[in-house]
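Visitor: The file below is coords.csv, CSV, C-alpha atoms and all ligand atoms:
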chain,number,residue,atom,x,y,z
A,1,MET,CA,-7.9,-36.8,6.5
A,2,ALA,CA,-10.2,-35.6,3.7
A,3,SER,CA,-12.5,-38.6,4.2
A,4,ASP,CA,-12.5,-38.3,8.0
A,5,LYS,CA,-16.0,-37.1,9.0
A,6,SER,CA,-15.3,-36.6,12.7
A,7,PRO,CA,-15.4,-33.0,14.0
A,8,VAL,CA,-12.1,-31.0,13.8
A,9,VAL,CA,-11.3,-29.1,17.0
A,10,VAL,CA,-8.5,-26.5,17.1
A,11,THR,CA,-7.5,-24.2,20.0
A,12,CYS,CA,-5.2,-21.2,19.7
A,13,THR,CA,-4.1,-18.2,21.7
A,14,ALA,CA,-3.3,-14.6,20.5
A,15,PRO,CA,-1.7,-11.6,22.2
A,16,VAL,CA,-2.7,-8.0,22.9
A,17,ASN,CA,-0.8,-5.3,21.2
A,18,ILE,CA,-0.2,-1.7,22.1
A,19,ALA,CA,0.5,0.9,19.4
A,20,VAL,CA,3.4,3.3,19.7
A,21,ILE,CA,2.5,4.9,16.4
A,22,LYS,CA,-1.3,5.1,16.6
A,23,TYR,CA,-4.0,4.0,14.1
A,24,TRP,CA,-6.9,6.4,14.1
A,25,GLY,CA,-9.1,6.9,11.1
A,26,LYS,CA,-10.3,4.8,8.1
A,27,ARG,CA,-10.3,5.5,4.4
A,28,ASP,CA,-12.7,2.6,3.9
A,29,GLU,CA,-15.2,1.6,6.6
A,30,GLU,CA,-16.2,-1.7,4.9
A,31,LEU,CA,-12.8,-3.1,4.3
A,32,ILE,CA,-11.3,-1.4,7.4
A,33,LEU,CA,-8.5,0.4,5.6
A,34,PRO,CA,-6.6,3.0,7.6
A,35,ILE,CA,-5.6,6.6,6.7
A,36,ASN,CA,-2.1,6.0,8.1
A,37,SER,CA,0.3,3.2,8.9
A,38,SER,CA,0.8,2.2,12.6
A,39,LEU,CA,3.3,0.3,14.7
A,40,SER,CA,2.9,-1.7,17.8
A,41,VAL,CA,4.5,-3.8,20.5
A,42,THR,CA,3.1,-7.3,21.1
A,43,LEU,CA,2.6,-7.9,24.8
A,44,HIS,CA,3.4,-11.3,26.4
A,45,GLN,CA,0.6,-13.9,26.6
A,46,ASP,CA,1.7,-15.0,30.0
A,47,GLN,CA,-0.1,-11.9,31.2
A,48,LEU,CA,-2.6,-11.0,28.5
A,49,LYS,CA,-4.2,-13.3,25.9
A,50,THR,CA,-7.3,-14.5,24.2
A,51,THR,CA,-7.9,-18.3,23.9
A,52,THR,CA,-10.2,-19.5,21.1
A,53,THR,CA,-11.5,-22.9,20.2
A,54,ALA,CA,-13.1,-23.6,16.8
A,55,VAL,CA,-14.9,-26.8,15.9
A,56,ILE,CA,-16.3,-27.8,12.5
A,57,SER,CA,-18.6,-30.7,12.0
A,58,LYS,CA,-21.1,-32.0,9.5
A,59,ASP,CA,-23.6,-32.2,12.3
A,60,PHE,CA,-23.8,-28.5,13.0
A,61,THR,CA,-26.8,-26.7,11.5
A,62,GLU,CA,-25.6,-23.1,12.1
A,63,ASP,CA,-22.5,-21.1,13.0
A,64,ARG,CA,-22.4,-20.2,16.7
A,65,ILE,CA,-20.1,-18.2,19.0
A,66,TRP,CA,-19.6,-17.9,22.7
A,67,LEU,CA,-17.6,-15.0,24.2
A,68,ASN,CA,-16.4,-15.4,27.8
A,69,GLY,CA,-19.0,-18.1,28.3
A,70,ARG,CA,-22.0,-16.3,26.9
A,71,GLU,CA,-23.5,-17.0,23.5
A,72,GLU,CA,-23.4,-14.0,21.2
A,73,ASP,CA,-25.1,-13.0,17.9
A,74,VAL,CA,-23.1,-14.6,15.1
A,75,GLY,CA,-24.8,-12.3,12.6
A,76,GLN,CA,-22.8,-9.4,13.8
A,77,PRO,CA,-21.4,-7.8,10.5
A,78,ARG,CA,-17.7,-7.9,11.5
A,79,LEU,CA,-17.9,-11.5,12.6
A,80,GLN,CA,-19.6,-12.4,9.4
A,81,ALA,CA,-16.9,-10.6,7.4
A,82,CYS,CA,-14.2,-12.7,9.1
A,83,LEU,CA,-16.1,-15.9,8.4
A,84,ARG,CA,-16.7,-15.0,4.8
A,85,GLU,CA,-13.1,-14.0,4.3
A,86,ILE,CA,-11.6,-17.2,5.7
A,87,ARG,CA,-14.0,-19.4,3.7
A,88,ARG,CA,-13.1,-17.5,0.6
A,89,LEU,CA,-9.4,-18.0,1.2
A,90,ALA,CA,-10.0,-21.8,1.9
A,91,ARG,CA,-12.0,-22.1,-1.3
A,92,LYS,CA,-9.3,-20.3,-3.3
A,93,ARG,CA,-6.7,-22.6,-1.9
A,94,ARG,CA,-8.7,-25.7,-2.8
A,95,SER,CA,-9.4,-24.5,-6.3
A,96,ALA,CA,-5.6,-23.8,-6.7
A,97,GLY,CA,-5.1,-27.5,-6.1
A,98,ASP,CA,-3.1,-27.4,-2.9
A,99,GLY,CA,-6.0,-28.0,-0.6
A,100,ASP,CA,-6.0,-31.8,-0.7
A,101,SER,CA,-5.4,-31.8,3.0
A,102,LEU,CA,-8.5,-29.7,3.7
A,103,PRO,CA,-10.1,-31.6,6.6
A,104,LEU,CA,-13.8,-31.1,5.9
A,105,SER,CA,-16.2,-29.5,3.5
A,106,LEU,CA,-16.3,-25.8,3.5
A,107,GLY,CA,-20.0,-26.0,3.8
A,108,TYR,CA,-19.7,-27.3,7.3
A,109,LYS,CA,-20.8,-24.9,10.1
A,110,VAL,CA,-18.4,-23.7,12.8
A,111,HIS,CA,-18.8,-23.3,16.5
A,112,VAL,CA,-16.4,-20.8,18.2
A,113,ALA,CA,-15.7,-20.1,21.9
A,114,SER,CA,-13.3,-17.4,23.1
A,115,VAL,CA,-12.1,-16.3,26.5
A,116,ASN,CA,-9.8,-13.5,27.7
A,117,ASN,CA,-7.5,-13.9,30.7
A,118,PHE,CA,-8.1,-10.3,31.5
A,119,PRO,CA,-11.3,-8.2,31.9
A,120,THR,CA,-12.8,-7.4,28.5
A,121,ALA,CA,-13.9,-3.9,29.7
A,122,ALA,CA,-10.6,-2.9,31.1
A,123,GLY,CA,-9.7,-1.1,27.9
A,124,LEU,CA,-6.9,-3.4,27.1
A,125,ALA,CA,-7.5,-3.9,23.4
A,126,SER,CA,-9.4,-7.1,23.8
A,127,SER,CA,-10.9,-6.8,20.3
A,128,ALA,CA,-7.4,-6.9,18.8
A,129,ALA,CA,-6.5,-10.1,20.6
A,130,GLY,CA,-10.0,-11.5,20.0
A,131,TYR,CA,-10.1,-11.0,16.2
A,132,ALA,CA,-6.5,-12.1,15.7
A,133,CYS,CA,-7.2,-15.2,17.6
A,134,LEU,CA,-10.4,-15.8,15.7
A,135,ALA,CA,-8.6,-15.4,12.3
A,136,TYR,CA,-5.7,-17.6,13.4
A,137,THR,CA,-8.0,-20.4,14.8
A,138,LEU,CA,-10.4,-20.4,11.8
A,139,ALA,CA,-7.3,-20.6,9.5
A,140,ARG,CA,-6.1,-23.7,11.2
A,141,VAL,CA,-9.5,-25.4,11.3
A,142,TYR,CA,-10.2,-24.6,7.6
A,143,GLY,CA,-6.7,-25.3,6.4
A,144,VAL,CA,-5.7,-21.8,5.3
A,145,GLU,CA,-2.1,-20.8,5.2
A,146,GLY,CA,-0.2,-17.5,4.7
A,147,ASP,CA,-0.8,-13.9,5.9
A,148,LEU,CA,-4.1,-13.5,7.7
A,149,SER,CA,-4.0,-9.6,7.9
A,150,GLU,CA,-7.1,-9.3,5.8
A,151,VAL,CA,-9.2,-11.7,7.9
A,152,ALA,CA,-8.2,-10.2,11.3
A,153,ARG,CA,-8.4,-6.6,9.9
A,154,ARG,CA,-12.1,-7.1,8.9
A,155,GLY,CA,-12.8,-7.8,12.6
A,156,SER,CA,-10.9,-4.9,14.0
A,157,GLY,CA,-8.2,-2.9,12.3
A,158,SER,CA,-5.6,-3.2,15.1
A,159,ALA,CA,-6.2,-7.0,15.2
A,160,CYS,CA,-3.9,-7.5,12.2
A,161,ARG,CA,-1.0,-6.3,14.4
A,162,SER,CA,-1.7,-9.1,16.9
A,163,LEU,CA,-0.9,-11.8,14.3
A,164,TYR,CA,2.8,-11.4,14.9
A,165,GLY,CA,5.1,-11.3,18.0
A,166,GLY,CA,7.7,-8.7,18.8
A,167,PHE,CA,7.4,-5.3,17.0
A,168,VAL,CA,4.8,-5.1,14.2
A,169,GLU,CA,3.8,-2.5,11.6
A,170,TRP,CA,0.5,-2.3,9.8
A,171,GLN,CA,1.3,-0.9,6.4
A,172,MET,CA,-1.6,1.2,5.3
A,173,GLY,CA,-1.3,0.2,1.7
A,174,GLU,CA,-2.5,2.1,-1.3
A,175,ARG,CA,-4.9,-0.2,-3.2
A,176,ALA,CA,-8.6,0.3,-3.1
A,177,ASP,CA,-9.2,-3.5,-2.5
A,178,GLY,CA,-6.9,-3.4,0.6
A,179,LYS,CA,-4.7,-6.3,-0.6
A,180,ASP,CA,-1.5,-4.3,0.4
A,181,SER,CA,-2.9,-3.2,3.8
A,182,VAL,CA,-1.0,-5.9,5.8
A,183,ALA,CA,0.8,-6.4,9.0
A,184,ARG,CA,4.5,-7.2,9.0
A,185,GLN,CA,7.0,-7.9,11.8
A,186,VAL,CA,9.6,-5.2,12.2
A,187,ALA,CA,11.7,-7.0,14.9
A,188,PRO,CA,11.2,-10.3,16.6
A,189,GLU,CA,10.1,-11.0,20.2
A,190,LEU,CA,13.6,-11.5,21.6
A,191,HIS,CA,15.1,-8.5,19.8
A,192,TRP,CA,15.0,-6.1,22.8
A,193,PRO,CA,15.0,-8.3,26.0
A,194,GLN,CA,15.5,-5.5,28.4
A,195,LEU,CA,12.2,-3.7,27.4
A,196,ARG,CA,9.5,-3.9,30.0
A,197,VAL,CA,5.8,-2.9,29.9
A,198,LEU,CA,3.6,-1.8,32.8
A,199,VAL,CA,-0.1,-1.4,32.4
A,200,LEU,CA,-1.5,1.0,34.9
A,201,VAL,CA,-5.1,0.2,35.2
A,202,VAL,CA,-6.9,3.4,36.1
A,203,SER,CA,-10.5,2.4,35.3
A,204,ALA,CA,-12.1,-0.9,34.4
A,205,GLU,CA,-15.2,0.9,33.2
A,206,ARG,CA,-16.3,0.7,29.6
A,207,LYS,CA,-15.3,3.7,27.5
A,208,LEU,CA,-17.8,6.4,26.6
A,209,THR,CA,-16.9,6.7,22.9
A,210,GLY,CA,-16.0,3.5,21.1
A,211,SER,CA,-13.0,3.6,18.8
A,212,THR,CA,-15.0,2.9,15.6
A,213,LEU,CA,-17.3,5.8,16.2
A,214,GLY,CA,-14.6,8.0,17.7
A,215,MET,CA,-12.3,7.7,14.7
A,216,GLN,CA,-15.2,8.2,12.3
A,217,ALA,CA,-16.0,11.5,14.0
A,218,SER,CA,-12.3,12.5,13.9
A,219,VAL,CA,-12.0,11.7,10.1
A,220,ASP,CA,-15.1,13.8,9.5
A,221,THR,CA,-14.2,16.9,11.5
A,222,SER,CA,-10.5,17.1,12.5
A,223,ALA,CA,-8.1,18.9,10.2
A,224,LEU,CA,-5.3,18.0,12.6
A,225,LEU,CA,-6.0,14.3,12.0
A,226,LYS,CA,-5.7,14.8,8.2
A,227,PHE,CA,-2.4,16.7,8.7
A,228,ARG,CA,-1.1,14.0,11.1
A,229,ALA,CA,-1.9,11.1,8.6
A,230,GLU,CA,-0.5,12.9,5.6
A,231,SER,CA,2.5,14.9,6.9
A,232,VAL,CA,3.5,13.4,10.3
A,233,VAL,CA,3.1,9.7,10.5
A,234,PRO,CA,5.2,8.6,7.4
A,235,ALA,CA,8.4,10.1,8.9
A,236,ARG,CA,7.5,8.8,12.4
A,237,MET,CA,7.1,5.2,11.0
A,238,GLN,CA,10.6,5.4,9.7
A,239,GLU,CA,12.0,6.9,12.8
A,240,MET,CA,10.2,4.5,15.1
A,241,THR,CA,11.5,1.5,13.1
A,242,ARG,CA,15.0,2.9,13.4
A,243,CYS,CA,14.7,3.4,17.2
A,244,ILE,CA,13.5,-0.2,17.6
A,245,GLN,CA,16.1,-1.8,15.3
A,246,ALA,CA,18.9,0.2,17.1
A,247,ARG,CA,17.3,-0.4,20.6
A,248,ASP,CA,17.5,3.4,21.1
A,249,PHE,CA,15.4,3.8,24.2
A,250,GLN,CA,15.7,7.6,24.3
A,251,GLY,CA,14.4,8.0,20.8
A,252,PHE,CA,11.7,5.3,21.3
A,253,ALA,CA,10.5,6.8,24.5
A,254,ARG,CA,10.2,10.4,23.1
A,255,LEU,CA,8.4,9.4,19.9
A,256,THR,CA,6.1,7.0,21.8
A,257,MET,CA,5.0,9.8,24.1
A,258,GLN,CA,4.7,12.4,21.3
A,259,ASP,CA,2.6,10.1,19.2
A,260,SER,CA,0.2,9.3,22.0
A,261,ASN,CA,-0.1,13.0,22.8
A,262,GLN,CA,-0.8,13.8,19.1
A,263,PHE,CA,-3.5,11.1,18.9
A,264,HIS,CA,-5.2,12.6,22.0
A,265,ALA,CA,-4.8,16.0,20.5
A,266,THR,CA,-6.7,14.9,17.4
A,267,CYS,CA,-9.5,13.6,19.7
A,268,LEU,CA,-9.7,17.0,21.3
A,269,ASP,CA,-9.7,18.5,17.7
A,270,THR,CA,-12.7,16.3,16.8
A,271,PHE,CA,-16.0,18.1,17.0
A,272,PRO,CA,-17.8,17.5,19.3
A,273,PRO,CA,-14.5,16.8,21.2
A,274,ILE,CA,-13.6,13.3,22.5
A,275,SER,CA,-11.5,12.9,25.6
A,276,TYR,CA,-10.2,9.5,26.7
A,277,LEU,CA,-7.8,10.7,29.3
A,278,ASN,CA,-8.9,11.6,32.9
A,279,ASP,CA,-7.3,13.4,35.8
A,280,THR,CA,-5.3,10.3,36.8
A,281,SER,CA,-4.0,9.8,33.2
A,282,ARG,CA,-2.8,13.4,33.3
A,283,ARG,CA,-1.1,12.8,36.7
A,284,ILE,CA,0.6,9.8,35.3
A,285,ILE,CA,1.9,11.9,32.4
A,286,ARG,CA,3.3,14.5,34.9
A,287,LEU,CA,4.8,11.7,37.0
A,288,VAL,CA,6.7,10.3,34.0
A,289,HIS,CA,8.0,13.7,32.9
A,290,SER,CA,9.2,14.5,36.5
A,291,PHE,CA,10.8,11.1,36.8
A,292,ASN,CA,12.6,11.6,33.5
A,293,ALA,CA,13.6,15.1,34.4
A,294,HIS,CA,15.1,13.9,37.7
A,295,HIS,CA,17.2,11.4,35.8
A,296,GLY,CA,18.2,13.9,33.1
A,297,GLN,CA,17.0,11.5,30.4
A,298,ALA,CA,14.0,9.5,29.2
A,299,LYS,CA,13.9,6.5,31.5
A,300,VAL,CA,10.2,5.8,31.1
A,301,ALA,CA,7.6,6.5,28.4
A,302,TYR,CA,3.7,6.5,28.5
A,303,THR,CA,1.2,5.8,25.8
A,304,PHE,CA,-2.6,5.9,26.1
A,305,ASP,CA,-5.3,4.3,23.8
A,306,ALA,CA,-9.0,5.1,23.7
A,307,GLY,CA,-9.3,5.0,27.5
A,308,PRO,CA,-7.6,6.4,30.6
A,309,ASN,CA,-5.3,3.4,31.3
A,310,ALA,CA,-1.6,4.1,30.9
A,311,VAL,CA,0.9,1.7,29.2
A,312,ILE,CA,4.4,2.4,30.4
A,313,PHE,CA,7.6,1.3,28.6
A,314,THR,CA,10.8,1.2,30.5
A,315,LEU,CA,14.0,-0.9,30.7
A,316,GLU,CA,14.7,-3.8,33.2
A,317,ASP,CA,17.0,-1.7,35.3
A,318,THR,CA,14.4,1.0,35.9
A,319,VAL,CA,11.2,-1.0,36.5
A,320,ALA,CA,11.6,-1.4,40.3
A,321,GLU,CA,12.2,2.3,40.9
A,322,PHE,CA,9.4,3.4,38.7
A,323,VAL,CA,6.9,1.0,40.3
A,324,ALA,CA,8.0,2.5,43.7
A,325,ALA,CA,7.3,6.0,42.3
A,326,VAL,CA,3.8,4.9,41.2
A,327,ARG,CA,3.1,3.3,44.6
A,328,HIS,CA,4.3,6.6,46.2
A,329,SER,CA,2.1,8.8,44.1
A,330,PHE,CA,-1.0,6.5,43.8
A,331,PRO,CA,-0.9,4.4,47.1
A,332,PRO,CA,-3.2,1.4,47.0
A,333,LYS,CA,-6.2,1.9,49.2
A,334,GLU,CA,-6.6,-1.6,50.6
A,335,ASN,CA,-5.1,-4.0,48.1
A,336,GLY,CA,-1.4,-3.5,48.9
A,337,ASP,CA,-0.6,-7.2,48.3
A,338,THR,CA,-2.3,-7.4,44.9
A,339,PHE,CA,-1.4,-3.9,43.6
A,340,LEU,CA,1.3,-5.4,41.4
A,341,LYS,CA,0.3,-8.3,39.1
A,342,GLY,CA,2.2,-10.2,36.4
A,343,LEU,CA,6.0,-10.4,36.3
A,344,PRO,CA,7.6,-10.0,39.7
A,345,VAL,CA,9.2,-6.6,40.5
A,346,PRO,CA,11.3,-6.4,43.6
A,347,PRO,CA,10.6,-3.5,46.1
A,348,ALA,CA,13.0,-0.6,45.7
A,349,PRO,CA,13.6,2.4,47.9
A,350,LEU,CA,12.7,5.9,46.6
A,351,SER,CA,15.3,8.6,47.4
A,352,ASP,CA,14.2,11.8,49.1
A,353,GLU,CA,15.5,13.7,46.0
A,354,LEU,CA,13.2,11.7,43.7
A,355,LYS,CA,10.2,12.1,46.1
A,356,ALA,CA,10.8,15.8,46.1
A,357,ALA,CA,11.2,15.9,42.3
A,358,LEU,CA,7.9,14.1,41.9
A,359,ALA,CA,6.3,17.0,43.8
A,360,MET,CA,2.9,15.4,43.9
A,361,GLU,CA,0.3,15.0,46.6
A,362,PRO,CA,-0.4,11.3,46.7
A,363,THR,CA,-3.8,10.2,45.3
A,364,PRO,CA,-4.8,7.0,47.1
A,365,GLY,CA,-6.7,4.4,45.0
A,366,ALA,CA,-6.5,6.3,41.7
A,367,VAL,CA,-4.4,3.5,40.1
A,368,GLN,CA,-6.3,0.2,40.7
A,369,TYR,CA,-3.3,-2.0,39.9
A,370,ILE,CA,-0.2,-2.4,37.9
A,371,LEU,CA,0.3,-5.3,35.5
A,372,ALA,CA,4.0,-6.0,34.7
A,373,THR,CA,4.7,-7.7,31.4
A,374,GLN,CA,7.1,-7.7,28.5
A,375,VAL,CA,7.3,-8.1,24.7
A,376,GLY,CA,5.9,-11.5,23.6
A,377,PRO,CA,5.3,-13.9,20.8
A,378,GLY,CA,2.5,-14.1,18.2
A,379,PRO,CA,-0.4,-16.5,18.2
A,380,GLN,CA,0.1,-20.1,19.2
A,381,VAL,CA,-1.6,-23.4,18.6
A,382,LEU,CA,-2.3,-25.4,21.8
A,383,GLU,CA,-2.0,-29.1,21.3
A,384,GLU,CA,-3.3,-30.6,24.6
A,385,PRO,CA,-7.0,-31.8,24.3
A,386,HIS,CA,-7.9,-30.6,27.8
A,387,VAL,CA,-7.4,-26.9,26.7
A,388,HIS,CA,-10.3,-27.0,24.2
A,389,LEU,CA,-13.2,-24.7,25.3
A,390,LEU,CA,-15.7,-26.7,23.3
A,391,GLY,CA,-16.3,-30.4,23.4
A,392,PRO,CA,-16.6,-32.6,20.2
A,393,ASP,CA,-20.3,-31.9,20.4
A,394,GLY,CA,-19.5,-28.2,19.7
A,395,LEU,CA,-20.9,-27.0,23.0
A,396,PRO,CA,-19.0,-25.2,25.8
A,397,LYS,CA,-17.4,-27.5,28.3
A,398,PRO,CA,-18.7,-26.8,31.8
A,399,ALA,CA,-15.6,-25.0,33.0
A,400,ALA,CA,-15.4,-22.7,29.9
B,1,LIG,C1,-4.3,1.7,17.9
B,1,LIG,N1,-6.6,2.2,18.6
B,1,LIG,O1,-3.5,1.9,17.0
B,1,LIG,C2,-5.3,2.7,18.1
B,1,LIG,C3,-4.9,3.8,19.1
B,1,LIG,C4,-7.0,3.0,19.7
B,1,LIG,C5,-6.1,4.1,19.9
B,1,LIG,O2,-6.8,0.7,17.1
B,1,LIG,O3,-12.8,0.3,14.1
B,1,LIG,O4,-10.6,-1.2,17.8
B,1,LIG,O5,-12.2,-2.0,15.0
B,1,LIG,O6,-10.8,-0.8,13.3
B,1,LIG,O7,-8.8,-1.4,15.9
B,1,LIG,C6,-8.6,1.0,18.3
B,1,LIG,O8,-9.3,0.8,17.1
B,1,LIG,O9,-10.9,0.0,15.6
B,1,LIG,C7,-7.3,1.3,18.0
B,1,LIG,P1,-11.7,-0.6,14.5
B,1,LIG,P2,-9.9,-0.6,16.6
B,1,LIG,O10,-4.2,0.6,18.6
Show me this structure written as structure tokens.
Guide:
Amino acid sequence: MASDKSPVVVTCTAPVNIAVIKYWGKRDEELILPINSSLSVTLHQDQLKTTTTAVISKDFTEDRIWLNGREEDVGQPRLQACLREIRRLARKRRSAGDGDSLPLSLGYKVHVASVNNFPTAAGLASSAAGYACLAYTLARVYGVEGDLSEVARRGSGSACRSLYGGFVEWQMGERADGKDSVARQVAPELHWPQLRVLVLVVSAERKLTGSTLGMQASVDTSALLKFRAESVVPARMQEMTRCIQARDFQGFARLTMQDSNQFHATCLDTFPPISYLNDTSRRIIRLVHSFNAHHGQAKVAYTFDAGPNAVIFTLEDTVAEFVAAVRHSFPPKENGDTFLKGLPVPPAPLSDELKAALAMEPTPGAVQYILATQVGPGPQVLEEPHVHLLGPDGLPKPAA
């Protein structure tokens, strides 16, 4: 293969992840090292994924990248950091003598194309899936093996958690060079098959304060964030790991909601304050607590990232009733048939007692749609040639 001069084309997919112990704040902006560890659930790629094709060829004169069909600036610093990092790892492997199978010269330029199967601006952590997919695909094309946390992390911190399926922790590490700031699987994809995830899409608009700037401001001004990172998160990481390993939904649900709330409290404690939640987010929080109070236990949990969309965790036996409760409280305006996307959820009746317990005036149209999904696997290599987004000439195929 080393003597083969034809272009090498690789296509991979990677998942979105949603943190249940949140990452917010860096101790090193350049290396993207966090001030606390975090833990996430990998969502299923049947519903949410990034697909990336990378091609290397001796004929290319420059690195190029297309995102969702549009060519973007490849000089963007984080993209450059990922490319540099993967080429450094490939060089290291070659000089260690186990790189005989390296397909092509490291000097060859790369063309990359990437698409999401969900709207980039919907606030669904597209950068995590995107950079995880970039790292994974570049690793295949340049013949790099082993943990890719460092490559993905340099693109976006939370991206290193999308390198694995199931339940994943990003250990903050202690070293100044970041070598021990890595992602690790806590439990595999099929560990908790009853767990379900509902994304309640409240707004598909771009957020006002991006995560990178938002967390910088919080690190600079929030004493609560410092307290959280030093004194709250370490014990929560242990407790969350225990809840997941024991499939303790009560404990998992409570801690997930508490950690989301504390993250948003640190945003409000930032000066000037940042608010990612809106009125609909707060109504969803109330709905979840009323639903749980009605059942006398935590049946459902919410978590919110840097935007107003809610991600709901529940178990298989509760999904239908909770979806009915969301439909009741946020009736679709005109899109009744497409209100629920993703995994099928059968219609369920709402008891009068539950309706009364929800005690909410319905807000039509406030939730645009619900995406039903579940825990899923990590990145995948796609073998069929028709899936490539770029042709052997390194240019986007017409359909891409
Ligand atoms: C998380 N978020 O743990 C947290 C919770 C948003 C809220 O990771 O600057 O896009 O690229 O490292 O990873 C969003 O931050 O930020 C994020 P950078 P990133 O999922």
Visitor: With the cut-off set at 6 Å and counting only C-alpha atoms, tabulate each residue of stretch 68-173 of chain A with an atom at most that distance from an atom of stretch 179-183 of chain A, showing the nearest atom pair and its distance in Å to one decimal, ordered by chain and increasing number, as a tab-separated table.
Guide:
residue	atom	partner	partner_atom	distance
A:Ser149	CA	A:Val182	CA	5.2
A:Cys160	CA	A:Ala183	CA	5.8
A:Arg161	CA	A:Ala183	CA	5.7
A:Glu169	CA	A:Ala183	CA	5.6
A:Trp170	CA	A:Ala183	CA	4.2
A:Gln171	CA	A:Ser181	CA	5.4
A:Met172	CA	A:Ser181	CA	4.8
A:Gly173	CA	A:Ser181	CA	4.3
Visitor: A:Asp259, A:Asp269, A:Glu30, A:Asp63: which is nearest A:Glu239, counting only C-alpha atoms?
Guide: A:Asp259
Visitor: Rank nothing, just name the residue among A:Ile274, A:Val20, A:Ala324, A:Val232 nearest to ligand LIG 1 (chain B), using all atoms listed in the file.
Guide: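 Looking at the shortest contact to ligand LIG 1 (chain B), the residue is A:Val20.
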Visitor: With only C-alpha atoms and all ligand atoms as the atoms that count, which of A:Leu354, A:Ala187, A:Ile35, A:Ala325 lies nearest to ligand LIG 1 (chain B)?
Guide: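 For ligand LIG 1 (chain B), the nearest of the candidates is A:Ile35.
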Visitor: Please report as JSON lines every residue of chain A lying within 9 Å of ligand LIG 1 (chain B), along with the nearest atom pair and their distance in Å (one decimal), using only C-alpha atoms and all ligand atoms.
Guide:
{"residue": "A:Asn17", "atom": "CA", "partner": "B:LIG1", "partner_atom": "O10", "distance": 7.3}
{"residue": "A:Ile18", "atom": "CA", "partner": "B:LIG1", "partner_atom": "O10", "distance": 5.8}
{"residue": "A:Ala19", "atom": "CA", "partner": "B:LIG1", "partner_atom": "O1", "distance": 4.8}
{"residue": "A:Val20", "atom": "CA", "partner": "B:LIG1", "partner_atom": "O1", "distance": 7.5}
{"residue": "A:Ile21", "atom": "CA", "partner": "B:LIG1", "partner_atom": "O1", "distance": 6.7}
{"residue": "A:Lys22", "atom": "CA", "partner": "B:LIG1", "partner_atom": "O1", "distance": 3.9}
{"residue": "A:Tyr23", "atom": "CA", "partner": "B:LIG1", "partner_atom": "O1", "distance": 3.6}
{"residue": "A:Trp24", "atom": "CA", "partner": "B:LIG1", "partner_atom": "C2", "distance": 5.7}
{"residue": "A:Gly25", "atom": "CA", "partner": "B:LIG1", "partner_atom": "O3", "distance": 8.1}
{"residue": "A:Lys26", "atom": "CA", "partner": "B:LIG1", "partner_atom": "O6", "distance": 7.7}
{"residue": "A:Glu29", "atom": "CA", "partner": "B:LIG1", "partner_atom": "O3", "distance": 8.0}
{"residue": "A:Ile32", "atom": "CA", "partner": "B:LIG1", "partner_atom": "O6", "distance": 6.0}
{"residue": "A:Leu33", "atom": "CA", "partner": "B:LIG1", "partner_atom": "O6", "distance": 8.1}
{"residue": "A:Pro34", "atom": "CA", "partner": "B:LIG1", "partner_atom": "O6", "distance": 8.0}
{"residue": "A:Ser38", "atom": "CA", "partner": "B:LIG1", "partner_atom": "O1", "distance": 6.2}
{"residue": "A:Leu39", "atom": "CA", "partner": "B:LIG1", "partner_atom": "O1", "distance": 7.4}
{"residue": "A:Ser40", "atom": "CA", "partner": "B:LIG1", "partner_atom": "O1", "distance": 7.4}
{"residue": "A:Arg78", "atom": "CA", "partner": "B:LIG1", "partner_atom": "O5", "distance": 8.8}
{"residue": "A:Ala125", "atom": "CA", "partner": "B:LIG1", "partner_atom": "O4", "distance": 6.9}
{"residue": "A:Ser126", "atom": "CA", "partner": "B:LIG1", "partner_atom": "O4", "distance": 8.5}
{"residue": "A:Ser127", "atom": "CA", "partner": "B:LIG1", "partner_atom": "O4", "distance": 6.1}
{"residue": "A:Ala128", "atom": "CA", "partner": "B:LIG1", "partner_atom": "O7", "distance": 6.4}
{"residue": "A:Arg153", "atom": "CA", "partner": "B:LIG1", "partner_atom": "O6", "distance": 7.1}
{"residue": "A:Arg154", "atom": "CA", "partner": "B:LIG1", "partner_atom": "O6", "distance": 7.8}
{"residue": "A:Gly155", "atom": "CA", "partner": "B:LIG1", "partner_atom": "O5", "distance": 6.3}
{"residue": "A:Ser156", "atom": "CA", "partner": "B:LIG1", "partner_atom": "O5", "distance": 3.3}
{"residue": "A:Gly157", "atom": "CA", "partner": "B:LIG1", "partner_atom": "O6", "distance": 3.5}
{"residue": "A:Ser158", "atom": "CA", "partner": "B:LIG1", "partner_atom": "O7", "distance": 3.8}
{"residue": "A:Ala159", "atom": "CA", "partner": "B:LIG1", "partner_atom": "O7", "distance": 6.2}
{"residue": "A:Cys160", "atom": "CA", "partner": "B:LIG1", "partner_atom": "O7", "distance": 8.7}
{"residue": "A:Arg161", "atom": "CA", "partner": "B:LIG1", "partner_atom": "O10", "distance": 8.7}
{"residue": "A:Gly210", "atom": "CA", "partner": "B:LIG1", "partner_atom": "O4", "distance": 7.9}
{"residue": "A:Ser211", "atom": "CA", "partner": "B:LIG1", "partner_atom": "O8", "distance": 4.9}
{"residue": "A:Thr212", "atom": "CA", "partner": "B:LIG1", "partner_atom": "O3", "distance": 3.7}
{"residue": "A:Leu213", "atom": "CA", "partner": "B:LIG1", "partner_atom": "O3", "distance": 7.4}
{"residue": "A:Gly214", "atom": "CA", "partner": "B:LIG1", "partner_atom": "O3", "distance": 8.7}
{"residue": "A:Met215", "atom": "CA", "partner": "B:LIG1", "partner_atom": "O3", "distance": 7.4}
{"residue": "A:Gln216", "atom": "CA", "partner": "B:LIG1", "partner_atom": "O3", "distance": 8.5}
{"residue": "A:Ser260", "atom": "CA", "partner": "B:LIG1", "partner_atom": "C3", "distance": 8.0}
{"residue": "A:Phe263", "atom": "CA", "partner": "B:LIG1", "partner_atom": "C3", "distance": 7.4}
{"residue": "A:His264", "atom": "CA", "partner": "B:LIG1", "partner_atom": "C5", "distance": 8.8}
{"residue": "A:Phe304", "atom": "CA", "partner": "B:LIG1", "partner_atom": "C5", "distance": 7.3}
{"residue": "A:Asp305", "atom": "CA", "partner": "B:LIG1", "partner_atom": "C5", "distance": 4.0}
{"residue": "A:Ala306", "atom": "CA", "partner": "B:LIG1", "partner_atom": "C5", "distance": 4.9}
{"residue": "A:Gly307", "atom": "CA", "partner": "B:LIG1", "partner_atom": "C5", "distance": 8.3}
